[in-house]
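So this one's entry.cif, mmCIF, C-alpha atoms and all ligand atoms:
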data_final
loop_
_atom_site.label_atom_id
_atom_site.label_comp_id
_atom_site.auth_asym_id
_atom_site.auth_seq_id
_atom_site.Cartn_x
_atom_site.Cartn_y
_atom_site.Cartn_z
CA MET A 714 0.00 0.00 0.00
CA ALA A 715 1.37 3.41 -0.98
CA PHE A 716 2.42 5.62 1.90
CA ILE A 717 -0.19 8.26 2.76
CA ARG A 718 1.39 11.63 3.44
CA PRO A 719 -0.09 12.89 6.72
CA ASP A 720 -1.71 16.28 7.18
CA ILE A 721 0.48 18.69 9.11
CA ILE A 722 -0.40 18.50 12.79
CA ARG A 723 2.37 20.13 14.76
CA PRO A 724 3.16 21.95 18.00
CA PRO A 725 2.88 25.77 17.64
CA SER A 726 6.63 26.08 18.22
CA GLU A 727 7.39 24.04 15.07
CA ALA A 728 5.66 26.46 12.70
CA ALA A 729 8.93 27.26 10.89
CA SER A 730 10.11 23.64 10.55
CA TYR A 731 10.22 21.45 7.48
CA PHE A 732 7.74 18.61 8.00
CA LEU A 733 9.28 15.29 7.04
CA PRO A 734 6.98 12.27 7.33
CA LEU A 735 8.47 9.05 8.69
CA THR A 736 5.10 7.57 9.61
CA PHE A 737 1.40 8.14 9.09
CA GLY A 738 -0.93 7.95 12.08
CA CYS A 739 0.06 6.90 15.56
CA SER A 740 1.03 3.54 17.02
CA ASN A 741 -1.16 4.21 20.05
CA ASN A 742 -4.25 5.06 18.06
CA SER A 743 -6.63 4.40 20.92
CA CYS A 744 -6.79 7.71 22.83
CA GLY A 745 -10.47 8.46 23.15
CA PHE A 746 -10.32 12.18 22.29
CA CYS A 747 -7.71 12.25 19.56
CA SER A 748 -8.03 12.88 15.84
CA PHE A 749 -5.60 9.97 15.35
CA TYR A 750 -8.13 7.64 16.99
CA GLY A 751 -8.53 4.47 14.96
CA GLN A 752 -5.99 5.47 12.29
CA LYS A 753 -3.76 2.66 11.15
CA LEU A 754 -0.05 3.32 11.60
CA GLN A 755 2.01 3.29 8.42
CA ILE A 756 5.79 3.21 8.43
CA ARG A 757 7.33 4.99 5.46
CA GLU A 758 10.08 3.24 3.53
CA LEU A 759 13.48 4.67 4.45
CA GLU A 760 14.42 4.91 0.77
CA GLU A 761 11.40 7.14 0.18
CA VAL A 762 12.40 9.33 3.15
CA LYS A 763 15.92 9.65 1.74
CA LYS A 764 14.59 10.62 -1.68
CA GLU A 765 12.57 13.42 -0.11
CA ILE A 766 15.64 14.60 1.83
CA ASP A 767 17.63 14.58 -1.42
CA ALA A 768 14.90 16.56 -3.20
CA LEU A 769 14.80 19.05 -0.35
CA ALA A 770 18.57 19.46 -0.49
CA VAL A 771 18.56 20.04 -4.26
CA PHE A 772 15.68 22.51 -3.99
CA SER A 773 17.31 24.37 -1.08
CA GLN A 774 20.58 24.70 -2.95
CA PHE A 775 19.53 25.18 -6.57
CA GLY A 776 15.77 25.83 -6.51
CA ILE A 777 15.25 22.81 -8.78
CA HIS A 778 12.29 20.42 -8.44
CA THR A 779 13.04 16.69 -8.48
CA ALA A 780 10.68 14.49 -10.46
CA GLY A 781 8.41 12.27 -8.39
CA GLN A 782 8.12 14.51 -5.34
CA PRO A 783 4.71 15.96 -4.44
CA ASN A 784 4.09 19.72 -4.60
CA ILE A 785 3.75 19.90 -0.82
CA VAL A 786 7.51 19.30 -0.52
CA TYR A 787 8.23 22.55 -2.38
CA TYR A 788 5.37 24.39 -0.75
CA ILE A 789 6.92 23.73 2.70
CA ALA A 790 10.48 24.13 1.43
CA ASN A 791 9.69 27.59 0.05
CA GLU A 792 8.94 28.84 3.55
CA TRP A 793 11.74 26.92 5.24
CA ASP A 794 14.80 28.68 6.64
CA GLY A 795 16.89 25.49 6.75
CA SER A 796 17.25 25.31 10.52
CA ARG A 797 14.64 22.90 11.89
CA ILE A 798 13.02 19.62 10.90
CA PHE A 799 9.88 18.17 12.44
CA LEU A 800 9.43 14.43 11.93
CA GLN A 801 5.82 13.49 11.27
CA ASP A 802 3.48 11.88 12.34
CA GLY A 803 1.71 11.26 15.67
CA ASP A 804 4.69 9.46 17.24
CA ALA A 805 7.57 9.36 14.77
CA LEU A 806 9.84 8.03 17.53
CA VAL A 807 8.16 4.67 16.86
CA TYR A 808 10.11 4.47 13.56
CA PRO A 809 12.34 1.37 13.78
CA PHE A 810 15.47 2.47 15.60
CA PRO A 811 18.21 1.51 13.06
CA GLN A 812 16.24 3.24 10.29
CA LEU A 813 15.59 6.26 12.49
CA VAL A 814 19.32 6.59 13.11
CA GLU A 815 19.98 6.24 9.39
CA ALA A 816 17.36 8.88 8.54
CA LEU A 817 18.86 11.34 11.03
CA GLU A 818 22.39 10.62 9.79
CA TYR A 819 21.20 11.23 6.25
CA LEU A 820 19.57 14.50 7.24
CA ASN A 821 22.72 15.65 9.03
CA ASN A 822 24.78 14.69 6.07
CA ARG A 823 22.65 16.60 3.57
CA PHE A 824 22.05 19.54 5.92
CA PRO A 825 25.16 19.91 8.09
CA HIS A 826 23.90 23.24 9.48
CA LEU A 827 20.62 21.93 10.84
CA GLU A 828 19.93 23.31 14.31
CA ARG A 829 17.37 20.87 15.58
CA ILE A 830 15.20 17.87 14.75
CA ALA A 831 11.95 17.35 16.65
CA SER A 832 9.25 14.74 16.96
CA TYR A 833 6.13 13.74 18.83
CA ALA A 834 6.64 10.68 21.00
CA THR A 835 4.43 8.56 23.19
CA ALA A 836 5.58 7.56 26.66
CA GLN A 837 5.62 4.00 25.31
CA ASP A 838 8.06 4.97 22.53
CA ILE A 839 10.40 6.62 25.01
CA LEU A 840 10.29 3.76 27.52
CA ARG A 841 11.09 1.33 24.69
CA ARG A 842 14.34 3.15 23.93
CA SER A 843 17.41 2.75 26.14
CA ASN A 844 19.18 5.81 27.58
CA GLU A 845 22.08 5.17 25.21
CA GLU A 846 19.74 5.11 22.23
CA LEU A 847 18.17 8.41 23.23
CA ILE A 848 21.62 9.93 23.69
CA GLN A 849 22.59 8.64 20.24
CA LEU A 850 19.53 10.40 18.78
CA ARG A 851 20.37 13.58 20.66
CA LYS A 852 23.87 13.52 19.15
CA LEU A 853 22.16 13.35 15.76
CA LYS A 854 20.38 16.62 16.66
CA LEU A 855 17.09 15.23 17.93
CA GLY A 856 16.75 18.23 20.20
CA ILE A 857 13.20 18.11 21.53
CA LEU A 858 10.48 15.52 22.07
CA TYR A 859 6.83 16.47 22.44
CA MET A 860 4.94 14.07 24.67
CA GLY A 861 1.24 14.10 25.50
CA VAL A 862 0.63 13.69 29.23
CA GLU A 863 -3.06 14.60 28.91
CA SER A 864 -3.90 13.97 32.58
CA GLY A 865 -2.09 13.02 35.75
CA ASP A 866 -5.09 11.08 37.00
CA ASP A 867 -4.80 7.31 36.47
CA THR A 868 -8.53 6.73 36.24
CA ILE A 869 -8.83 9.34 33.50
CA LEU A 870 -5.77 7.94 31.69
CA GLN A 871 -7.49 4.57 31.73
CA GLN A 872 -10.81 6.01 30.59
CA ILE A 873 -9.19 7.67 27.59
CA SER A 874 -7.19 4.48 26.80
CA LYS A 875 -3.85 6.26 27.00
CA GLY A 876 -2.17 2.91 27.51
CA VAL A 877 0.17 4.10 30.26
CA THR A 878 -0.06 5.05 33.92
CA SER A 879 0.93 8.40 35.36
CA GLN A 880 4.02 6.71 36.81
CA GLN A 881 5.09 5.47 33.37
CA ILE A 882 4.54 8.96 31.96
CA ILE A 883 6.81 10.36 34.67
CA GLU A 884 9.47 7.74 33.95
CA ALA A 885 9.33 8.53 30.23
CA GLY A 886 9.57 12.29 30.83
CA LEU A 887 12.54 11.90 33.15
CA LYS A 888 14.23 9.67 30.62
CA ILE A 889 13.98 12.39 27.97
CA LYS A 890 15.58 14.85 30.37
CA ASP A 891 18.33 12.40 31.34
CA SER A 892 19.30 12.05 27.70
CA GLY A 893 19.76 15.82 27.36
CA ILE A 894 16.86 16.16 24.90
CA LEU A 895 14.45 19.00 25.68
CA SER A 896 11.07 17.84 26.90
CA SER A 897 7.83 19.51 25.97
CA VAL A 898 4.63 18.08 27.39
CA THR A 899 0.95 18.83 26.95
CA VAL A 900 -2.06 18.39 29.19
CA ILE A 901 -5.71 18.68 28.24
CA LEU A 902 -8.09 20.83 30.26
CA GLY A 903 -11.53 19.30 30.58
CA LEU A 904 -10.46 15.70 30.11
CA GLY A 905 -12.17 14.65 33.35
CA GLY A 906 -15.43 16.36 32.36
CA THR A 907 -17.44 18.16 35.03
CA ASP A 908 -17.47 15.07 37.27
CA HIS A 909 -13.69 14.83 37.71
CA SER A 910 -12.54 18.35 36.96
CA GLN A 911 -10.85 18.97 40.30
CA GLU A 912 -9.15 15.55 40.51
CA HIS A 913 -7.91 15.96 36.94
CA ALA A 914 -6.37 19.37 37.59
CA THR A 915 -4.78 18.42 40.92
CA ALA A 916 -3.31 15.15 39.66
CA THR A 917 -2.08 16.84 36.49
CA ALA A 918 -0.23 19.45 38.54
CA ARG A 919 1.38 16.64 40.54
CA VAL A 920 2.60 14.82 37.44
CA LEU A 921 3.80 18.03 35.77
CA SER A 922 5.81 18.84 38.89
CA ALA A 923 7.39 15.39 38.86
CA LEU A 924 8.22 15.76 35.16
CA ASP A 925 9.61 19.27 35.64
CA PRO A 926 9.75 19.72 31.84
CA ASP A 927 11.41 22.46 29.81
CA TYR A 928 8.08 23.34 28.22
CA ALA A 929 4.52 22.58 29.25
CA GLY A 930 1.41 23.45 27.32
CA ALA A 931 -2.25 23.28 28.18
CA LEU A 932 -4.83 22.49 25.52
CA THR A 933 -8.58 22.38 26.04
CA LEU A 934 -10.61 19.33 25.10
CA THR A 935 -12.09 19.82 21.65
CA LEU A 936 -14.50 17.20 20.38
CA VAL A 937 -13.54 15.26 17.28
CA GLU A 938 -16.45 13.52 15.60
CA GLY A 939 -16.26 9.74 15.71
CA THR A 940 -14.08 9.51 18.81
CA PRO A 941 -15.27 7.74 21.98
CA ILE A 942 -15.45 11.01 23.96
CA TYR A 943 -17.51 12.62 21.21
CA ASN A 944 -19.96 9.71 21.41
CA GLN A 945 -20.05 9.84 25.21
CA VAL A 946 -20.95 13.54 25.05
CA GLN A 947 -23.73 12.82 22.54
CA ASN A 948 -25.05 10.08 24.86
CA LYS A 949 -24.75 12.41 27.86
CA ASP A 950 -22.30 10.05 29.58
CA PHE A 951 -19.60 12.75 29.61
CA HIS A 952 -20.29 16.37 30.50
CA LEU A 953 -18.01 19.02 29.06
CA ILE A 954 -16.67 21.66 31.42
CA SER A 955 -17.57 25.29 30.74
CA PRO A 956 -15.00 27.79 29.43
CA LEU A 957 -14.67 29.32 32.90
CA GLN A 958 -14.22 25.88 34.46
CA SER A 959 -11.34 25.34 32.05
CA LEU A 960 -9.71 28.49 33.46
CA GLN A 961 -10.31 27.17 36.96
CA GLU A 962 -8.46 23.97 36.00
CA LEU A 963 -5.67 26.02 34.48
CA LYS A 964 -5.44 28.01 37.70
CA THR A 965 -5.25 24.85 39.82
CA ILE A 966 -2.51 23.47 37.59
CA ILE A 967 -0.42 26.65 37.68
CA GLU A 968 -0.99 27.15 41.41
CA ASN A 969 0.00 23.60 42.34
CA SER A 970 2.85 22.94 39.92
CA ASN A 971 6.42 23.23 41.10
CA PHE A 972 8.90 23.73 38.31
CA THR A 973 12.58 24.54 38.23
CA ASP A 974 12.52 26.41 34.94
CA CYS A 975 9.58 25.79 32.66
CA PHE A 976 8.03 27.80 29.87
CA PHE A 977 4.32 27.27 30.41
CA SER A 978 1.71 28.29 27.90
CA SER A 979 -1.93 28.00 26.98
CA MET A 980 -1.41 29.60 23.57
CA HIS A 981 -2.92 26.68 21.64
CA ALA A 982 -5.98 27.60 19.58
CA SER A 983 -8.18 25.19 21.55
CA ASN A 984 -7.92 27.31 24.70
CA TYR A 985 -10.34 29.98 25.84
CA LEU A 986 -7.57 32.15 27.26
CA SER A 987 -4.00 32.51 26.06
CA LEU A 988 -1.41 32.75 28.79
CA ARG A 989 2.31 32.25 28.78
CA GLY A 990 5.21 32.76 31.06
CA LYS A 991 8.17 31.24 32.80
CA LEU A 992 7.42 29.24 35.90
CA PRO A 993 8.10 29.76 38.68
CA GLU A 994 9.17 33.37 37.90
CA ASN A 995 5.88 34.55 36.42
CA LYS A 996 3.53 32.50 38.57
CA THR A 997 2.08 35.48 40.46
CA GLN A 998 1.36 37.47 37.29
CA MET A 999 -0.15 34.48 35.48
CA LEU A 1000 -2.43 33.67 38.40
CA ALA A 1001 -3.42 37.34 38.70
CA GLN A 1002 -4.37 37.38 35.02
CA LEU A 1003 -6.50 34.26 35.49
CA ASN A 1004 -8.11 35.63 38.65
CA ARG A 1005 -9.04 38.86 36.88
CA VAL A 1006 -10.90 36.98 34.17
CA LEU A 1007 -12.47 34.50 36.61
CA SER A 1008 -13.66 37.20 39.02
CA ARG A 1009 -15.35 39.20 36.23
CA ASN A 1010 -17.11 36.09 34.98
CA ASP A 1011 -17.01 37.79 31.62
CA PHE A 1012 -17.18 35.52 28.56
CA SER A 1013 -16.25 38.39 26.26
CA LEU A 1014 -12.68 38.14 27.60
CA LEU A 1015 -12.42 34.59 26.27
CA ARG A 1016 -11.69 33.24 22.80
CA PRO A 1017 -15.07 32.78 21.13
CA GLU A 1018 -16.12 29.20 20.43
CA PHE A 1019 -16.01 29.65 16.64
CA MET A 1020 -12.35 30.71 16.84
CA ARG A 1021 -11.21 27.65 18.72
CA GLY A 1022 -9.31 25.04 16.79
CA LEU A 1023 -7.53 21.74 17.17
S1 LIG A 1101 -0.68 8.86 21.61
FE1 LIG A 1101 -1.05 11.01 21.08
S2 LIG A 1101 -1.27 11.05 18.86
FE2 LIG A 1101 -1.48 8.93 19.49
S3 LIG A 1101 -3.67 8.61 19.68
FE3 LIG A 1101 -2.90 9.17 21.71
S4 LIG A 1101 -3.11 11.39 21.84
FE4 LIG A 1101 -3.33 10.82 19.69
#
For this file, write the structure as structure tokens.
Amino acid sequence: MAFIRPDIIRPPSEAASYFLPLTFGCSNNSCGFCSFYGQKLQIRELEEVKKEIDALAVFSQFGIHTAGQPNIVYYIANEWDGSRIFLQDGDALVYPFPQLVEALEYLNNRFPHLERIASYATAQDILRRSNEELIQLRKLKLGILYMGVESGDDTILQQISKGVTSQQIIEAGLKIKDSGILSSVTVILGLGGTDHSQEHATATARVLSALDPDYAGALTLTLVEGTPIYNQVQNKDFHLISPLQSLQELKTIIENSNFTDCFFSSMHASNYLSLRGKLPENKTQMLAQLNRVLSRNDFSLLRPEFMRGL
């Protein structure tokens, strides 16, 4: 079966990267809220990856198109400044290790001035790799891994079929840090619904503190048609939190997290309020901003529903 090139789903901080697909879908395609739910993982042939890297190198140097490459390659390459690569798709770290090493070596060889390579990774992917393997990847410029924590609450993790416990998530996050790769993690406001909002926020703050990542981002649950959570909402088995409750969760998380030096943000388009700052330095200001909006109970201060996105 021909490899399907994935749509570009990326962290906001990778906007300027070149998006190089190694896989399509996600190996852990069971998370009950996710747009990857039910998608079958496809591993791209290494030779095909190398051909795209070659085409990118030729285009970057001479502006020449190579036959056989799709237009999207040149569309992305036109905007690319040559410094960063983001490996697609949902958990590109699942790419078989020897081939992953070869792909990164090939990239480094063709683009010796690359600054950084990045990828999404599941906790399972990270736990499967040894410390030495992660260090080897870091030496090949894998500079940051984006891992979805979603919730720190084990019952919620089980309900969304995350496939790992909060303890395994912590182990995976610490392993990224040990290898010298930057860690960027995301949590999802509203994942416990109205029934478990407080437990979700408190447990998530606990796990974030244990992870002590370089970057942490909050997203807000956005329903994707066809996913288990979408169906539960339709059947009234899951009750979505209100926009202001999402800010209350955000406040609990910021209030109860203890970080050494973390850039924390809720800039993602799914959120009702965009906040960002360094924690712990900016904790007081960030909480004051949240309190101002919460105390006014004013929906006009929030991102309107129609402007929210995945
Ligand atoms: S591991 Fe991440 S990308 Fe994969 S299904 Fe779960 S949330 Fe989606």
Hey, which residues come within 10 Å of ligand LIG 1101 (chain A) if we count only C-alpha atoms and all ligand atoms? Could you give them as a ChimeraX atom specification?
/A:722,738-752,754,802-805,833-838,859-863,873-877,899
Write out as a list in words the residues lying within 6 Å of A:Ser896, counting only C-alpha atoms and excluding same-chain residues fewer than 3 positions away.
Ile857, Leu858, Pro926 and Asp927 of chain A
Those same residues - C-alpha atoms - I'd like them written as a compact mmCIF listing (two decimals), in the coordinates of the input.
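Written output follows (out31.txt):
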# COMPACT_ATOMS: atom_id res chain seq x y z
CA ILE A 857 13.20 18.11 21.53
CA LEU A 858 10.48 15.52 22.07
CA PRO A 926 9.75 19.72 31.84
CA ASP A 927 11.41 22.46 29.81
Provide the atom CA of A:Arg1016 to atom CA of A:Leu986 distance in Å, to one decimal place.
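That distance, rounded to one decimal, is 6.2 Å.
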How big is the axis-aligned box around the listed atoms of stretch 759-772 of chain A once 3 Å is added on each side, and where is its centre? Give both in Å to one decimal, as JSON.
{"center_x": 15.0, "center_y": 13.6, "center_z": 0.1, "size_x": 13.2, "size_y": 23.8, "size_z": 14.7}
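When all atoms listed in the file are used to measure the gap to A:Leu1000, the shortest distance among A:Asp974, A:Glu968, A:Glu938, A:Glu760 belongs to A:Glu968.
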If you count only C-alpha atoms, which residues fall within 10 Å of A:Ile883, apart from same-chain ones fewer than 4 positions away, as a list in words?
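That gives Ala836, Val862, Gly865, Thr878, Ser879, Leu887, Lys888, Val920, Leu921, Ser922, Ala923, Leu924 and Asp925 of chain A.
Between atom CA of A:Val1006 and atom CA of A:Thr965 the interatomic distance comes to 14.5 Å.
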Report as a ChimeraX atom specification all protein, DNA and RNA residues lying within 12 Å of A:Pro956, evaluated on all atoms listed in the file, omitting residues in the same chain fewer than 3 positions from it.
/A:902-903,906-907,933-935,953,959-963,983-986,1006-1007,1010-1018,1021
Leaving out stretch 824-830 of chain A and any residue of its chain fewer than 6 positions from it, which residues lie within 9 Å of it when counting only C-alpha atoms, given as a PyMOL selection string?
chain A and resi 730+770+795-800+817+851+853-857
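When only C-alpha atoms are used to measure the gap to A:Pro809, the shortest distance among A:Leu759, A:Cys975, A:Ile785, A:Ala914 belongs to A:Leu759.
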Top pick for closest residue to A:His778, considering A:Ser978, A:Gln958, A:Gln947, A:Asn791 and counting all atoms listed in the file
A:Asn791
One decimal, Å: what's the distance from atom CA of A:Tyr808 over to atom CA of A:Ile766, could you say?
16.5 Å
Counting only C-alpha atoms, closest pick from A:Glu818, A:Asp866, A:Glu765, A:Glu727 relative to A:Ser832 is A:Glu727
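Candidate residues A:Ala729, A:Ala918, A:Val814, A:Val900 were compared for distance to A:Lys852, and the nearest is A:Val814, using only C-alpha atoms.
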Which residue out of A:Ala916, A:Leu733, A:Leu988, A:Ala931 has the minimum interatomic distance to A:Asn969 when all atoms listed in the file are used?
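Of the candidates, the smallest distance to A:Asn969 is held by A:Ala916.
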Close residues, A:Glu994 itself excluded, 10 Å, only C-alpha atoms, min 2 positions apart in chain, as a ChimeraX atom specification:
/A:972-976,990-992,996-999
